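For reference, protein_33.csv is printed below; it contains CSV, C-alpha atoms and all ligand atoms.
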chain,number,residue,atom,x,y,z
A,1,MET,CA,-27.4,40.0,-17.7
A,2,ILE,CA,-24.3,38.7,-16.1
A,3,ASN,CA,-26.3,37.5,-13.1
A,4,MET,CA,-28.7,35.6,-15.3
A,5,ARG,CA,-25.8,33.9,-17.1
A,6,LEU,CA,-24.3,33.0,-13.7
A,7,ILE,CA,-27.6,31.5,-12.5
A,8,ASN,CA,-27.9,29.5,-15.7
A,9,VAL,CA,-24.4,28.1,-15.2
A,10,LEU,CA,-25.3,27.2,-11.6
A,11,ILE,CA,-28.5,25.5,-12.7
A,12,PHE,CA,-26.6,23.5,-15.3
A,13,TYR,CA,-24.0,22.6,-12.8
A,14,SER,CA,-26.3,21.4,-10.1
A,15,VAL,CA,-28.6,19.4,-12.5
A,16,PHE,CA,-26.0,17.8,-14.7
A,17,VAL,CA,-22.8,17.7,-12.7
A,18,LEU,CA,-24.1,17.2,-9.1
A,19,GLY,CA,-27.1,15.2,-10.3
A,20,GLY,CA,-24.8,12.8,-12.1
A,21,TYR,CA,-22.9,12.2,-9.0
A,22,ASN,CA,-25.5,10.1,-7.4
A,23,ALA,CA,-24.9,7.4,-9.9
A,24,TYR,CA,-21.5,6.8,-8.5
A,25,SER,CA,-21.4,6.7,-4.7
A,26,GLN,CA,-23.1,7.9,-1.6
A,27,SER,CA,-20.0,8.2,0.6
A,28,ILE,CA,-18.9,11.7,-0.3
A,29,ILE,CA,-20.8,14.8,0.8
A,30,LEU,CA,-20.7,17.6,-1.7
A,31,ASN,CA,-20.2,21.3,-1.6
A,32,LEU,CA,-18.2,21.5,1.6
A,33,PRO,CA,-14.7,22.9,1.8
A,34,PRO,CA,-11.8,22.1,1.8
A,35,THR,CA,-11.5,20.4,-1.5
A,36,VAL,CA,-9.4,17.4,-2.4
A,37,ILE,CA,-6.5,18.5,-4.5
A,38,LEU,CA,-5.1,15.8,-6.9
A,39,SER,CA,-2.2,16.6,-9.0
A,40,GLU,CA,-2.3,16.0,-12.8
A,41,ASN,CA,-0.7,12.6,-12.8
A,42,HIS,CA,-3.4,11.2,-10.5
A,43,ILE,CA,-6.1,11.7,-13.0
A,44,SER,CA,-4.2,10.7,-16.1
A,45,LEU,CA,-5.6,7.8,-18.0
A,46,GLU,CA,-2.8,5.4,-18.4
A,47,ASP,CA,-2.7,1.9,-19.9
A,48,ASP,CA,-4.0,0.3,-16.8
A,49,GLU,CA,-7.3,-1.4,-17.6
A,50,THR,CA,-8.1,-1.9,-13.9
A,51,MET,CA,-8.1,1.8,-13.2
A,52,LEU,CA,-11.2,3.0,-11.3
A,53,PHE,CA,-12.3,6.4,-12.4
A,54,ASP,CA,-14.4,6.9,-9.4
A,55,SER,CA,-16.6,9.8,-8.2
A,56,LEU,CA,-14.0,11.3,-6.0
A,57,MET,CA,-11.6,11.7,-8.8
A,58,ASN,CA,-14.2,13.3,-11.1
A,59,LEU,CA,-15.5,15.6,-8.4
A,60,SER,CA,-12.1,16.6,-7.0
A,61,SER,CA,-11.0,17.6,-10.5
A,62,LEU,CA,-14.1,19.9,-10.4
A,63,GLY,CA,-13.1,21.1,-7.0
A,64,ILE,CA,-16.3,20.1,-5.3
A,65,VAL,CA,-15.4,17.2,-3.1
A,66,ASP,CA,-15.5,17.3,0.7
A,67,ALA,CA,-12.3,16.1,2.2
A,68,SER,CA,-13.5,16.1,5.8
A,69,LEU,CA,-14.6,12.5,5.4
A,70,ILE,CA,-11.3,11.3,4.2
A,71,PRO,CA,-9.1,9.9,7.0
A,72,ALA,CA,-6.0,11.8,7.9
A,73,ALA,CA,-6.6,14.0,4.8
A,74,HIS,CA,-4.3,16.8,6.0
A,75,LEU,CA,-1.4,14.5,7.0
A,76,TYR,CA,-1.6,13.1,3.4
A,77,ASN,CA,-1.7,16.5,1.8
A,78,TYR,CA,-5.2,15.9,0.6
A,79,VAL,CA,-4.0,13.3,-1.9
A,80,TRP,CA,-6.6,10.5,-2.3
A,81,ASP,CA,-5.7,8.2,-5.1
A,82,ASN,CA,-7.8,5.1,-6.0
A,83,ARG,CA,-5.1,3.5,-8.1
A,84,LEU,CA,-1.5,3.7,-6.7
A,85,VAL,CA,-0.5,2.1,-3.4
A,86,ASN,CA,2.0,4.9,-2.8
A,87,PRO,CA,1.2,8.0,-4.7
A,88,TYR,CA,2.6,10.3,-2.0
A,89,GLN,CA,6.3,10.8,-3.0
A,90,ARG,CA,7.1,11.6,0.6
A,91,ARG,CA,10.4,10.7,2.2
A,92,VAL,CA,9.8,9.5,5.8
A,93,ILE,CA,13.2,7.8,6.3
A,94,ASP,CA,14.5,10.9,7.9
A,95,MET,CA,11.3,12.0,9.6
A,96,PRO,CA,12.6,14.3,12.4
A,97,ASP,CA,9.6,14.0,14.7
A,98,THR,CA,7.8,11.3,16.5
A,99,MET,CA,4.3,10.6,15.2
A,100,VAL,CA,1.9,9.3,17.9
A,101,ILE,CA,-0.3,6.6,16.4
A,102,ASP,CA,-3.4,5.3,18.2
A,103,PHE,CA,-3.1,1.6,17.9
A,104,SER,CA,-5.8,0.7,20.4
A,105,GLN,CA,-8.4,-0.4,17.9
A,106,PHE,CA,-6.2,-3.0,16.3
A,107,CYS,CA,-7.9,-6.1,14.9
A,108,ALA,CA,-5.8,-8.8,13.3
A,109,PRO,CA,-6.7,-9.2,9.6
A,110,ASN,CA,-6.7,-13.0,10.3
A,111,ARG,CA,-5.4,-15.1,13.1
A,112,ASN,CA,-3.2,-17.6,11.3
A,113,LEU,CA,0.4,-18.7,11.3
A,114,VAL,CA,3.0,-16.4,9.8
A,115,THR,CA,4.7,-18.1,6.8
A,116,SER,CA,6.9,-15.2,5.6
A,117,ASP,CA,8.3,-12.2,7.5
A,118,PHE,CA,8.9,-8.6,6.6
A,119,GLY,CA,12.5,-8.1,5.2
A,120,PHE,CA,15.0,-9.5,2.8
A,121,ARG,CA,14.0,-12.7,1.0
A,122,ARG,CA,16.3,-15.0,-0.9
A,123,GLY,CA,19.1,-12.6,-0.1
A,124,TRP,CA,18.1,-9.8,-2.4
A,125,GLN,CA,14.3,-9.4,-2.7
A,126,PHE,CA,12.6,-7.2,-0.1
A,127,HIS,CA,9.3,-8.3,1.3
A,128,TYR,CA,7.3,-5.3,2.4
A,129,GLY,CA,4.6,-7.2,4.4
A,130,ILE,CA,4.0,-10.3,6.4
A,131,ASP,CA,2.3,-13.4,5.1
A,132,THR,CA,-0.1,-15.6,7.0
A,133,ARG,CA,-1.4,-19.0,5.9
A,134,LEU,CA,-5.1,-19.3,5.3
A,135,LYS,CA,-7.8,-21.4,3.5
A,136,ILE,CA,-9.4,-19.9,0.4
A,137,GLY,CA,-12.5,-18.1,1.5
A,138,ASP,CA,-11.3,-17.3,5.1
A,139,SER,CA,-12.5,-13.9,6.3
A,140,ILE,CA,-10.1,-10.9,6.2
A,141,CYS,CA,-10.8,-8.0,8.5
A,142,SER,CA,-9.9,-4.3,8.5
A,143,SER,CA,-7.3,-3.5,11.2
A,144,PHE,CA,-8.8,-0.2,12.2
A,145,ASP,CA,-11.7,2.1,11.3
A,146,GLY,CA,-11.0,3.8,7.9
A,147,MET,CA,-12.0,4.4,4.3
A,148,VAL,CA,-11.3,2.1,1.5
A,149,ARG,CA,-8.9,3.8,-0.9
A,150,ILE,CA,-8.1,1.0,-3.5
A,151,VAL,CA,-10.0,-2.1,-4.6
A,152,GLN,CA,-8.4,-3.6,-7.6
A,153,ARG,CA,-6.5,-6.5,-9.2
A,154,GLY,CA,-2.7,-6.3,-9.7
A,155,ARG,CA,-0.2,-8.6,-11.3
A,156,ALA,CA,1.7,-9.2,-8.1
A,157,TYR,CA,-0.8,-8.5,-5.4
A,158,GLY,CA,-3.7,-10.2,-7.1
A,159,ASN,CA,-7.0,-8.9,-5.8
A,160,TYR,CA,-6.1,-6.4,-3.2
A,161,ILE,CA,-7.5,-3.7,-0.9
A,162,VAL,CA,-5.8,-0.6,0.5
A,163,ILE,CA,-7.5,1.2,3.5
A,164,ARG,CA,-6.6,4.6,4.9
A,165,HIS,CA,-7.2,4.7,8.6
A,166,PHE,CA,-8.1,7.6,10.9
A,167,ASN,CA,-5.0,7.0,13.0
A,168,GLY,CA,-2.8,8.0,10.0
A,169,LEU,CA,-1.8,4.5,8.9
A,170,GLU,CA,-2.7,2.6,5.7
A,171,THR,CA,-3.0,-1.2,5.4
A,172,VAL,CA,-2.8,-3.4,2.4
A,173,TYR,CA,-4.5,-6.9,2.1
A,174,ALA,CA,-3.4,-8.9,-1.0
A,175,HIS,CA,-4.0,-12.2,-2.9
A,176,LEU,CA,-7.7,-12.1,-2.0
A,177,SER,CA,-10.2,-14.4,-3.7
A,178,LYS,CA,-13.0,-11.8,-3.3
A,179,HIS,CA,-13.5,-8.2,-2.5
A,180,LEU,CA,-16.4,-7.4,-0.1
A,181,VAL,CA,-16.0,-3.6,0.0
A,182,LYS,CA,-16.1,-0.8,-2.6
A,183,VAL,CA,-13.8,2.1,-3.1
A,184,ASN,CA,-14.5,5.2,-0.8
A,185,GLN,CA,-16.5,3.0,1.6
A,186,ILE,CA,-16.1,3.6,5.3
A,187,VAL,CA,-15.2,0.5,7.2
A,188,ARG,CA,-15.0,-0.4,10.9
A,189,ALA,CA,-12.1,-2.1,12.7
A,190,GLY,CA,-12.8,-5.8,12.5
A,191,GLU,CA,-15.2,-5.6,9.6
A,192,ILE,CA,-14.9,-8.3,7.0
A,193,ILE,CA,-13.5,-6.6,3.9
A,194,GLY,CA,-12.7,-9.6,1.7
A,195,LEU,CA,-12.0,-13.3,1.5
A,196,GLY,CA,-8.5,-14.9,1.5
A,197,GLY,CA,-7.2,-16.4,-1.7
A,198,ASN,CA,-4.3,-17.3,-3.9
A,199,THR,CA,-4.5,-14.6,-6.7
A,200,GLY,CA,-1.6,-12.7,-8.2
A,201,ARG,CA,2.0,-13.8,-7.6
A,202,SER,CA,1.4,-16.3,-4.9
A,203,THR,CA,2.4,-19.9,-4.4
A,204,GLY,CA,-0.4,-21.1,-2.1
A,205,PRO,CA,-3.3,-19.5,-0.3
A,206,HIS,CA,-2.1,-16.8,2.0
A,207,LEU,CA,-2.7,-13.2,3.1
A,208,HIS,CA,0.0,-10.6,2.3
A,209,TYR,CA,-0.5,-7.8,4.8
A,210,GLU,CA,1.3,-4.5,4.9
A,211,ILE,CA,1.1,-1.5,7.3
A,212,ARG,CA,2.2,1.8,5.7
A,213,TYR,CA,2.7,5.3,6.9
A,214,LEU,CA,2.8,8.0,4.2
A,215,GLY,CA,3.3,5.3,1.7
A,216,GLN,CA,6.3,3.7,3.4
A,217,PRO,CA,5.9,0.2,4.8
A,218,ILE,CA,6.6,-0.6,8.4
A,219,SER,CA,7.5,-4.0,9.8
A,220,PRO,CA,4.2,-5.4,11.3
A,221,ARG,CA,6.4,-7.3,13.7
A,222,ASP,CA,7.4,-4.1,15.4
A,223,LEU,CA,3.7,-3.4,16.2
A,224,ILE,CA,1.9,-6.7,16.4
A,225,ASP,CA,2.4,-9.9,18.5
A,226,PHE,CA,1.7,-12.6,15.9
A,227,GLU,CA,1.4,-15.3,18.7
A,228,SER,CA,-1.7,-13.6,20.3
A,229,HIS,CA,-2.6,-11.5,17.2
A,230,THR,CA,-2.9,-8.4,19.3
A,231,ALA,CA,-1.2,-5.0,19.3
A,232,ILE,CA,2.1,-4.8,21.3
A,233,PHE,CA,1.4,-1.1,22.2
A,234,ARG,CA,-1.9,0.8,22.5
A,235,ILE,CA,0.0,4.0,21.4
A,236,VAL,CA,2.8,3.7,18.9
A,237,ASP,CA,5.6,6.4,18.8
A,238,LEU,CA,6.4,6.2,15.2
A,239,ASN,CA,9.9,7.5,14.3
A,240,ALA,CA,12.8,7.2,11.9
A,241,GLU,CA,13.9,4.0,13.5
A,242,HIS,CA,10.9,2.2,12.0
A,243,PHE,CA,12.2,3.1,8.6
A,244,ALA,CA,15.9,2.3,9.2
A,245,TYR,CA,15.5,-0.7,6.9
A,246,ALA,CA,14.8,1.7,4.0
A,247,LYS,CA,18.1,3.4,4.6
A,248,GLU,CA,19.8,0.1,4.3
A,249,LEU,CA,17.8,-0.7,1.1
A,250,GLU,CA,19.0,2.6,-0.5
A,251,GLU,CA,22.6,1.3,-0.2
A,252,VAL,CA,21.9,-2.1,-1.7
A,253,ARG,CA,23.4,-2.6,-5.2
A,254,TYR,CA,22.8,-5.4,-7.6
A,255,TYR,CA,24.9,-7.0,-10.3
A,256,THR,CA,23.3,-8.7,-13.3
A,257,VAL,CA,25.0,-11.9,-14.3
A,258,ARG,CA,26.4,-11.9,-17.9
A,259,ARG,CA,27.6,-14.7,-20.2
A,260,GLY,CA,30.8,-16.3,-18.9
A,261,ASP,CA,30.5,-15.0,-15.4
A,262,THR,CA,31.4,-17.1,-12.4
A,263,LEU,CA,31.3,-16.2,-8.8
A,264,SER,CA,35.1,-15.6,-8.7
A,265,VAL,CA,35.0,-13.5,-11.9
A,266,ILE,CA,32.2,-11.4,-10.3
A,267,SER,CA,34.1,-11.2,-7.0
A,268,ARG,CA,37.2,-9.9,-8.7
A,269,ARG,CA,35.2,-7.4,-10.8
A,270,LEU,CA,33.3,-6.0,-7.9
A,271,GLY,CA,35.9,-6.3,-5.2
A,272,VAL,CA,33.6,-8.3,-3.0
A,273,SER,CA,34.6,-11.7,-1.6
A,274,VAL,CA,32.9,-14.9,-2.9
A,275,ASP,CA,31.9,-15.7,0.7
A,276,ARG,CA,30.2,-12.4,1.1
A,277,LEU,CA,28.4,-12.7,-2.3
A,278,CYS,CA,27.2,-16.2,-1.2
A,279,GLN,CA,26.0,-14.9,2.2
A,280,MET,CA,24.2,-11.9,0.8
A,281,ASN,CA,22.4,-13.9,-1.9
A,282,ASN,CA,21.8,-17.0,0.1
A,283,ILE,CA,23.7,-19.2,-2.5
A,284,ARG,CA,26.6,-21.7,-2.3
A,285,ARG,CA,30.1,-21.4,-3.9
A,286,ASN,CA,29.2,-24.0,-6.4
A,287,SER,CA,25.7,-22.7,-7.2
A,288,VAL,CA,25.0,-22.4,-11.0
A,289,LEU,CA,24.5,-18.8,-12.1
A,290,ARG,CA,21.9,-17.9,-14.7
A,291,ILE,CA,22.5,-15.1,-17.2
A,292,GLY,CA,20.3,-12.2,-16.2
A,293,GLN,CA,20.2,-13.3,-12.5
A,294,ARG,CA,20.5,-10.4,-10.0
A,295,LEU,CA,23.1,-10.7,-7.3
A,296,ARG,CA,23.3,-8.3,-4.4
A,297,TYR,CA,26.8,-7.1,-3.7
A,298,THR,CA,26.5,-4.3,-1.1
B,301,ZN,ZN,3.8,-11.4,1.1
When written as structure tokens, how does the structure in this file appear?
Ligand SMILES: [Zn+2]
Amino acid sequence: MINMRLINVLIFYSVFVLGGYNAYSQSIILNLPPTVILSENHISLEDDETMLFDSLMNLSSLGIVDASLIPAAHLYNYVWDNRLVNPYQRRVIDMPDTMVIDFSQFCAPNRNLVTSDFGFRRGWQFHYGIDTRLKIGDSICSSFDGMVRIVQRGRAYGNYIVIRHFNGLETVYAHLSKHLVKVNQIVRAGEIIGLGGNTGRSTGPHLHYEIRYLGQPISPRDLIDFESHTAIFRIVDLNAEHFAYAKELEEVRYYTVRRGDTLSVISRRLGVSVDRLCQMNNIRRNSVLRIGQRLRYT
């Protein structure tokens, strides 16, 4: 009796649950361990209308998704999220060991001039990628073999793509005019994944390109020669030094300008010289301050 019930459950499961799977995607093989484990917050339906509730999320919540196709699945604790750029909550700033990354496949996403570098911008805003100029419609290529993790539209990034690579890195391509790949799709190094554009928070057609490890951005300048658009090293020894900037960022503090504030008032209140405030915020002694403006003071 119990066996019959079990068989009925299995039939129901294979016909309705697995059968329904085909409607979503062909890229995930079923019924093979280990499973992808997503914590609760990764499958919550939030207010984001762009959220993609894809096959992997559905299937992983049922415990029937094969993780062996997902690049660097173990390194990323089997988290595979199709919505958040950094869902990992991992602190790599103090990584004790060196991680050896195979960079030999590297293909430049495009081969144009750098217009904005990784690092602080306008004194206080941090730029987590590198920008290259382009014409709308220019081809954008995947840097390495990998699997597409995110394809969506964001307020700041515009149309963007995130790819997880087999070498353990992830790359982000933003402000695109068009996506040419689907979520969970396997891509090759150099494959065209989208077209350059001017979507999102962008003041002219460009590509915003990021390289991340466990969710934390790395300066692409440390790894890529943007004159020749080639990799500096075939093998990269990734270590805590690559994330030293993040340590500095943790110490940064901001002051929000209030009514009646002047640089000298703020200087006295915070105990930081006017010259230092000007230098850190890239402003002049006689610059007009706006109420609500953020000033960096450490
Ligand atoms: Zn950018």
Checklist entry - What lies within 6 Å of Ser142 (chain A) using only C-alpha atoms, ignoring chain neighbours under 5 positions off, as a ChimeraX atom specification? => result /A:109,189-191
Write the selection just made, keeping C-alpha atoms, as a short mmCIF file (atom, residue, chain, number, x, y, z; two decimals), keeping the file's coordinate frame?
data_model
loop_
_atom_site.label_atom_id
_atom_site.label_comp_id
_atom_site.auth_asym_id
_atom_site.auth_seq_id
_atom_site.Cartn_x
_atom_site.Cartn_y
_atom_site.Cartn_z
CA PRO A 109 -6.70 -9.20 9.60
CA ALA A 189 -12.10 -2.10 12.70
CA GLY A 190 -12.80 -5.80 12.50
CA GLU A 191 -15.20 -5.60 9.60
#
Checklist entry - Hey, which residues come within 7 Å of ligand ZN 301 (chain B) if we count only C-alpha atoms and all ligand atoms? Could you give them as a list in words? => result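 If we count only C-alpha atoms and all ligand atoms, the neighbours of ligand ZN 301 (chain B) turn out to be Ser116, His127, Gly129, Ile130, Asp131, His208 and Tyr209 of chain A.
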Checklist entry - Taking into account all atoms listed in the file, which residue in the set A:Thr230, A:Gln216, A:Asn167, A:Gln152 is nearest to Arg111 (chain A)? => result A:Thr230
Item to check | Selection: 8 Å around Leu113 (chain A), only C-alpha atoms, excl. self and same-chain fewer than 6 positions, as a ChimeraX atom specification | outcome: /A:132-133,226
Item to check | Exercise: Ile93 (chain A) partners within 9 Å, all atoms listed in the file, chain neighbours under 5 positions left out, as a PyMOL selection string | outcome: chain A and resi 216+239-247
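Counting from CA of Leu180 (chain A), the distance to CA of Gly154 (chain A) is 16.8 Å.
With distances restricted to only C-alpha atoms, A:Gly215 is the closest residue to Asn86 (chain A) from A:Pro220, A:Gly271, A:Gly215, A:Gly260.
Closest to Ile192 (chain A) among A:Val236, A:Phe120, A:Cys107, A:Val265 is A:Cys107, based on only C-alpha atoms.
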Checklist entry - Using only C-alpha atoms, which of A:Arg201, A:Tyr173, A:Phe106, A:Lys135 sits nearest Arg155 (chain A)? => result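 Comparing A:Arg201, A:Tyr173, A:Phe106, A:Lys135 against Arg155 (chain A), the winner is A:Arg201.
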